[in-house]
Amino acid sequence: MLPEKNYLNPVFKQNFPDPFVWKFCGEFWAICTGFWHDGGVFGILRSRDLINWSDCGSAINPPPIAAPYYWAPEVFYENGKFYLYYSVGNEELMELRVAVADRPDGKYFDSGSRLTHESFAIDAHVFVDTNGTKYLFYATDFLEHAQIGTGTVRDKMLSPFSLAGKPQPVTRAKFNWQVYDPNRASKGGVRWHTIEGSAVLKRKNLYYQMFSGGNWQNVSYGVSYATTRDIEQAEEWQQRANGETVFPILRTIPGKVVGPGHNSVVRGTDNFQLYCVYHRWADDLSGRQMAIDRLDFAGERMFVIGASFESQPAPNAPTFQDFFNTKTEQGLGQNWEIENDEEWLTGSGAAISNSALENVETNCRLTASSFLVEVSAKSIEYTTNNCGYGFCLKKNDEVILRCLILPGTKQIEIFEQDVYEQQIFKLPEDFDPQVFHLWRVEVDNLIVRLRLDEAAFQIEKNLKTAPEKFALATRTMSAAFAGFSMTIGFEELFNWDKNHSNRCLSGNLADDLTSRGWQIEKILQKKSAKTPTAAWKIQDNFLQFESFEGSAIIFKNLLLTDFEFIVNIRLAQQKNDSGNYGFVMRGKSDEIILTIESDNENYFLHVINSDTEAKQFALPDGFDPKEFHQFRFRLKNQLLHLHCENASLGEIEVGLIERQVGLYLSKAEAVFDMVRLTAI
């Protein structure tokens with residue numbers, strides 16, 4: 001058995017302030033504030049696992065503008081171009097500018113475009129909404145606000161080089177923990193506050209803005225967040241931390257971690273788990289070092305499992321990954337070649353289909369009922385409007401769904417098994433098929449979710465047959481594919497929308513659950529009580545179970561040996577003290593039941609394993625079952641590790657067998673916000 005891989009922060013020990021990390025063609029790229037050791041500005045690193053990083057030199061060399069400060073760079077990729085947004089100036093006067101490159105490591109060239117007109121503007125961050133609208137979030141000064149200091153705004157982007165010019169406040173100082181200097185001499189001795197360093201996410205139609213607040217030299221300094229349901233609202237977003245009863249989700253830990261802040265967010269190596277990437281001061285305060293920790297949600301609450309200072313499990317690797325280093329290792333077939341003629345692809349390459357045949361495919365060797373694939377693709381040469389490149393979903397050798405980009409017409413063509421006509425969808429007018437675009441394909445039994453880039457195309461479909469294989473595909477043209485990864489598993493947010501034109505729900509929840517691979521077990525109850533399926537329902541983006549009678553179990557139809565099983569859950573109500581709720585892991589020879597219970601004073605996780613005696617693991621102080629909490633179970637090498645968010649509860653030994661995972665209730669009603677299962 002392979003040992004568990006771990007990491008220890010910081011993951012890059014040299015000075016690397018304000019780290020921004022993005023992913024391109026399956027690899028991670030990082031960029032930081034300031035001058036680099038080669039004389040240029042903005043150091044760039046490269047990694048395949050978020051832990052081990054190699055130096056790629058500086059992004060801009062020489063600096064395009066003579067200034068002492070170059071701050072907070074962020075890179076946004078779109079349609080073959082890398083746009084580097086950065087702030088430059090003399091610290092008192094700062095402006096936002098944009099540089100451009102054709103490759104992730106540069107060299108970037110300043111576009112000549114100044115984006116902002118305020119005297120002080122820093123920390124640019126691009127956010128693309130699901131409808132394709134782009135916004136630039138940045139920090140600027142508010143000298144007439146009740147709490148004087150730096151806050152954040154957002155402005156709509158008209159192009160990569162221009163804004164609408166109508167910045168709207170998003171977060172301004174409200175609390176004492178956001179004080180930077182109670183008597184800032186350079187600002188006339190005023191009580192100065194600071195909110196800066198935006199990173200924006202969207203989950204279940206709720207927008208989250210992460211930001212850093214205060215002064216890193218104070219214990220109160222850290223990263224918090226604000227939320228809204230309307231990104232266009234005139235009002236400021238709702239801040240979640242007041243610094244007294246609710247604290248920032250990343251903050252200084254005296255004697256352990258100093259000044260964690262200015263973060264970015266990126267999906268990890270398995271393409272499911274989010275990671276918060278931030279800087280923290282070195283032990284001797286000589287510089288700021290890059291660190292990473294898991295970022296997740298429980299209901300509407302965001303949290304970070306950090307700032308960590310002890311050994312942590314490494315980000316989960318994909319089940320299968322291919323950087324197309326050599327053709328012989330991967331066995332792509334006679335119609336495929338490997339090329340790595342682009343300099344930045346050093347150490348990796350692209351799979352090239354150079355065939356004019358009607359259909360050319362190469363299969364991923366793995367099969368599973370639930371999996372996630374990410375792969376980048378671009379066209380090379382085509383002759384007719386019928387030429388296409390993309391992928392197929394297959395069962396055995398039968399095509400269940402084929403999705404091709406038609407570069408000649410800038411359309412997407414989808415073929416489904418047993419559907420008479422192909423579906424055609426239009427791509428954006430400026431879509432360039434000859435540069436890399438990212439496909440994200442989630443298969444969950446009969447459900448498939450397709451996304452191209454941030455918002456170029458997205459659709460969810462309900463298939464008639466569950467696919468189990470993924471194949472790269474071309475039709476009468478040559479195309480290139482790079483950075484392929486597949487992770488066996490799924491993430492279910494229960495945000496089903498029956499009114500969405502691209503989503504197919506039957507109207508029967510039992511059928512919809514079954515189409516996603518769930519198995520509902522019978523409820524042990526009186527004949528006059530509700531039917532088993534009637535007790536389960538989807539409401540407000542949650543899965544809810546409503547029945548006090550007997551017990552209920554719902555299983556996921558996916559067998560794994562080593563896995564990570566994560567559930568967000570809260571108790572709605574229970575019939576009496578005998579009611580409980582929790583989780584099940586079932587194999588052919590054993591069953592592990594984990595329930596959340598109370599002794600009227602404290603809460604604990606009660607674990608019953610058919611092979612061992614029952615055990616109890618104390619839950620964190622202040623645990624409230626009526627609030628959403630995230631439980632994480634990591635099974636590796638016959639050790640089941642038990643976690644409740646930041647708290648490690650303990651571990652138990654289990655047998656080496658394949659298991660299904662499930663949700664369990666007995667004389668209780670509960671609400672589930674998210675279920676995620678990934679093979680490790």
# chains A, B, ... in the order shown; residues from 1 in each chain; ligands from 1
>>> residues_around(residues="segment 157-173 of chain A", least_positions_apart="3", cutoff="6 Å", atoms="only C-alpha atoms", output="mmCIF file with all heavy atoms, in the first residue's frame")
data_model
loop_
_atom_site.group_PDB
_atom_site.id
_atom_site.type_symbol
_atom_site.label_atom_id
_atom_site.label_comp_id
_atom_site.auth_asym_id
_atom_site.auth_seq_id
_atom_site.Cartn_x
_atom_site.Cartn_y
_atom_site.Cartn_z
ATOM 1 N N LEU A 115 -6.562 51.240 -16.013
ATOM 2 C CA LEU A 115 -7.953 50.848 -15.812
ATOM 3 C C LEU A 115 -8.707 51.771 -14.877
ATOM 4 O O LEU A 115 -9.927 51.913 -14.991
ATOM 5 C CB LEU A 115 -8.010 49.423 -15.250
ATOM 6 C CG LEU A 115 -7.528 48.311 -16.177
ATOM 7 C CD1 LEU A 115 -7.404 47.007 -15.406
ATOM 8 C CD2 LEU A 115 -8.493 48.136 -17.327
ATOM 9 N N LYS A 134 -18.415 39.981 -16.774
ATOM 10 C CA LYS A 134 -17.145 40.085 -16.052
ATOM 11 C C LYS A 134 -17.129 41.348 -15.197
ATOM 12 O O LYS A 134 -17.598 42.404 -15.610
ATOM 13 C CB LYS A 134 -15.962 40.102 -17.022
ATOM 14 C CG LYS A 134 -15.857 38.878 -17.906
ATOM 15 C CD LYS A 134 -14.669 38.976 -18.841
ATOM 16 C CE LYS A 134 -14.624 37.811 -19.800
ATOM 17 N NZ LYS A 134 -15.770 37.825 -20.761
ATOM 18 N N TYR A 135 -16.561 41.203 -14.009
ATOM 19 C CA TYR A 135 -16.426 42.318 -13.075
ATOM 20 C C TYR A 135 -14.984 42.399 -12.599
ATOM 21 O O TYR A 135 -14.313 41.371 -12.435
ATOM 22 C CB TYR A 135 -17.343 42.127 -11.862
ATOM 23 C CG TYR A 135 -18.812 42.044 -12.191
ATOM 24 C CD1 TYR A 135 -19.406 40.813 -12.468
ATOM 25 C CD2 TYR A 135 -19.608 43.190 -12.228
ATOM 26 C CE1 TYR A 135 -20.762 40.731 -12.762
ATOM 27 C CE2 TYR A 135 -20.964 43.113 -12.522
ATOM 28 C CZ TYR A 135 -21.532 41.879 -12.797
ATOM 29 O OH TYR A 135 -22.869 41.796 -13.093
ATOM 30 N N GLN A 147 -15.957 55.121 8.701
ATOM 31 C CA GLN A 147 -14.681 54.514 9.104
ATOM 32 C C GLN A 147 -13.686 54.764 7.975
ATOM 33 O O GLN A 147 -13.680 54.048 6.967
ATOM 34 C CB GLN A 147 -14.834 53.011 9.365
ATOM 35 C CG GLN A 147 -15.528 52.665 10.670
ATOM 36 C CD GLN A 147 -17.033 52.851 10.621
ATOM 37 O OE1 GLN A 147 -17.643 52.668 9.569
ATOM 38 N NE2 GLN A 147 -17.632 53.216 11.733
ATOM 39 N N GLY A 151 -11.254 50.397 1.256
ATOM 40 C CA GLY A 151 -12.318 49.408 1.115
ATOM 41 C C GLY A 151 -12.318 48.874 -0.301
ATOM 42 O O GLY A 151 -11.468 49.227 -1.123
ATOM 43 N N THR A 152 -13.289 48.046 -0.615
ATOM 44 C CA THR A 152 -13.310 47.418 -1.938
ATOM 45 C C THR A 152 -14.528 47.852 -2.738
ATOM 46 O O THR A 152 -15.584 48.189 -2.190
ATOM 47 C CB THR A 152 -13.312 45.885 -1.827
ATOM 48 O OG1 THR A 152 -14.550 45.441 -1.262
ATOM 49 C CG2 THR A 152 -12.151 45.392 -0.980
ATOM 50 N N VAL A 153 -14.367 47.810 -4.062
ATOM 51 C CA VAL A 153 -15.433 48.156 -5.005
ATOM 52 C C VAL A 153 -15.451 47.118 -6.114
ATOM 53 O O VAL A 153 -14.521 46.320 -6.260
ATOM 54 C CB VAL A 153 -15.226 49.566 -5.608
ATOM 55 C CG1 VAL A 153 -15.233 50.624 -4.528
ATOM 56 C CG2 VAL A 153 -13.916 49.621 -6.407
ATOM 57 N N ARG A 154 -16.510 47.152 -6.909
ATOM 58 C CA ARG A 154 -16.566 46.356 -8.123
ATOM 59 C C ARG A 154 -17.032 47.249 -9.260
ATOM 60 O O ARG A 154 -17.814 48.188 -9.073
ATOM 61 C CB ARG A 154 -17.505 45.160 -7.988
ATOM 62 C CG ARG A 154 -18.925 45.534 -7.648
ATOM 63 C CD ARG A 154 -19.960 44.721 -8.418
ATOM 64 N NE ARG A 154 -21.296 45.104 -8.005
ATOM 65 C CZ ARG A 154 -21.971 46.098 -8.543
ATOM 66 N NH1 ARG A 154 -21.433 46.831 -9.495
ATOM 67 N NH2 ARG A 154 -23.191 46.389 -8.119
ATOM 68 N N GLU A 236 -23.880 47.704 0.084
ATOM 69 C CA GLU A 236 -22.689 46.902 0.365
ATOM 70 C C GLU A 236 -23.098 45.478 0.732
ATOM 71 O O GLU A 236 -24.218 45.225 1.169
ATOM 72 C CB GLU A 236 -21.887 47.531 1.514
ATOM 73 C CG GLU A 236 -21.243 48.853 1.151
ATOM 74 C CD GLU A 236 -20.394 49.398 2.278
ATOM 75 O OE1 GLU A 236 -19.763 48.577 3.001
ATOM 76 O OE2 GLU A 236 -20.356 50.629 2.465
ATOM 77 N N TRP A 237 -22.170 44.561 0.546
ATOM 78 C CA TRP A 237 -22.438 43.162 0.857
ATOM 79 C C TRP A 237 -22.424 42.954 2.372
ATOM 80 O O TRP A 237 -21.845 43.747 3.124
ATOM 81 C CB TRP A 237 -21.393 42.266 0.192
ATOM 82 C CG TRP A 237 -21.432 42.311 -1.307
ATOM 83 C CD1 TRP A 237 -22.042 43.260 -2.101
ATOM 84 C CD2 TRP A 237 -20.826 41.384 -2.198
ATOM 85 N NE1 TRP A 237 -21.849 42.963 -3.427
ATOM 86 C CE2 TRP A 237 -21.114 41.822 -3.517
ATOM 87 C CE3 TRP A 237 -20.076 40.234 -2.021
ATOM 88 C CZ2 TRP A 237 -20.660 41.136 -4.647
ATOM 89 C CZ3 TRP A 237 -19.618 39.541 -3.132
ATOM 90 C CH2 TRP A 237 -19.917 39.994 -4.433
#
>>> select_by_dssp(residues="segment 224-468 of chain A", states="helix (DSSP H, G or I)", output="list of chain:residue names")
A:Lys327, A:Thr328, A:Glu329, A:Gln330, A:Glu343, A:Trp344, A:Leu345
>>> select_by_dssp(residues="segment 364-412 of chain A", states="strand (DSSP E)", output="PyMOL selection string")
chain A and resi 370-381+388-395+398-406+411-412
>>> residues_around(residues="Glu78 of chain A", least_positions_apart="4", cutoff="10 Å", atoms="only C-alpha atoms", output="number ranges by chain")
A: 82-83, 160, 431-432, 435-437, 453-454
>>> closest_residue(among="A:Thr678, A:Gln14, A:Asn263, A:Ser54", to="Arg251 of chain A", atoms="only C-alpha atoms")
A:Asn263
>>> residues_around(residues="Ala66 of chain A", least_positions_apart="2", cutoff="12 Å", atoms="only C-alpha atoms", output="PyMOL selection string")
chain A and resi 40-41+61-64+68-70+88-90
>>> atom_distance(atom1="atom CA of Ser186 of chain A", atom2="atom CA of Ser113 of chain A")
29.1 Å
>>> atom_distance(atom1="atom CA of Asn131 of chain A", atom2="atom CA of Tyr77 of chain A")
17.2 Å
>>> residues_around(residues="Asn602 of chain A", least_positions_apart="3", cutoff="8 Å", atoms="only C-alpha atoms", output="ChimeraX atom specification")
/A:598-599,618-619,621
>>> write_last_selection(atoms="N, CA and C atoms", output="PDB file, in the first residue's frame")
ATOM      1  N   SER A 598     -25.973  12.790  21.679  1.00  0.00           N
ATOM      2  CA  SER A 598     -25.715  13.665  22.821  1.00  0.00           C
ATOM      3  C   SER A 598     -25.995  12.925  24.117  1.00  0.00           C
ATOM      4  N   ASP A 599     -25.257  13.295  25.161  1.00  0.00           N
ATOM      5  CA  ASP A 599     -25.519  12.767  26.503  1.00  0.00           C
ATOM      6  C   ASP A 599     -26.149  13.842  27.382  1.00  0.00           C
ATOM      7  N   ALA A 618     -15.557  12.787  20.804  1.00  0.00           N
ATOM      8  CA  ALA A 618     -16.144  14.061  21.206  1.00  0.00           C
ATOM      9  C   ALA A 618     -16.124  15.052  20.049  1.00  0.00           C
ATOM     10  N   LEU A 619     -17.239  15.754  19.844  1.00  0.00           N
ATOM     11  CA  LEU A 619     -17.317  16.821  18.855  1.00  0.00           C
ATOM     12  C   LEU A 619     -16.836  18.126  19.482  1.00  0.00           C
ATOM     13  N   ASP A 621     -16.256  21.766  21.158  1.00  0.00           N
ATOM     14  CA  ASP A 621     -17.054  22.543  22.113  1.00  0.00           C
ATOM     15  C   ASP A 621     -17.938  23.530  21.354  1.00  0.00           C
TER      16      ASP A 621
END
>>> closest_residue(among="A:His262, A:Lys556, A:Lys81, A:Arg475", to="Asn386 of chain A", atoms="only C-alpha atoms")
A:Arg475
>>> closest_residue(among="A:Ala456, A:Ala307, A:Val258, A:Leu45", to="Val128 of chain A", atoms="only C-alpha atoms")
A:Ala456
>>> closest_residue(among="A:Arg440, A:Arg240, A:Lys107, A:Arg516", to="Ile459 of chain A", atoms="only C-alpha atoms")
A:Arg440
>>> atom_distance(atom1="atom CA of Pro19 of chain A", atom2="atom CA of Trp36 of chain A")
13.3 Å
>>> residues_around(residues="Phe623 of chain A", least_positions_apart="5", cutoff="10 Å", atoms="only C-alpha atoms", output="list in words")
Asn602, Tyr603, Phe604, Ala618, Phe628, His629 and Cys644 of chain A
>>> residues_around(residues="Ala226 of chain A", least_positions_apart="2", cutoff="12 Å", atoms="only C-alpha atoms", output="ChimeraX atom specification")
/A:152,170-174,195,198-202,206-213,223-224,228-229,231,236-242,248-249,300-302
>>> closest_residue(among="A:Ile447, A:Ala298, A:Val266, A:Val277", to="Arg632 of chain A", atoms="only C-alpha atoms")
A:Ala298
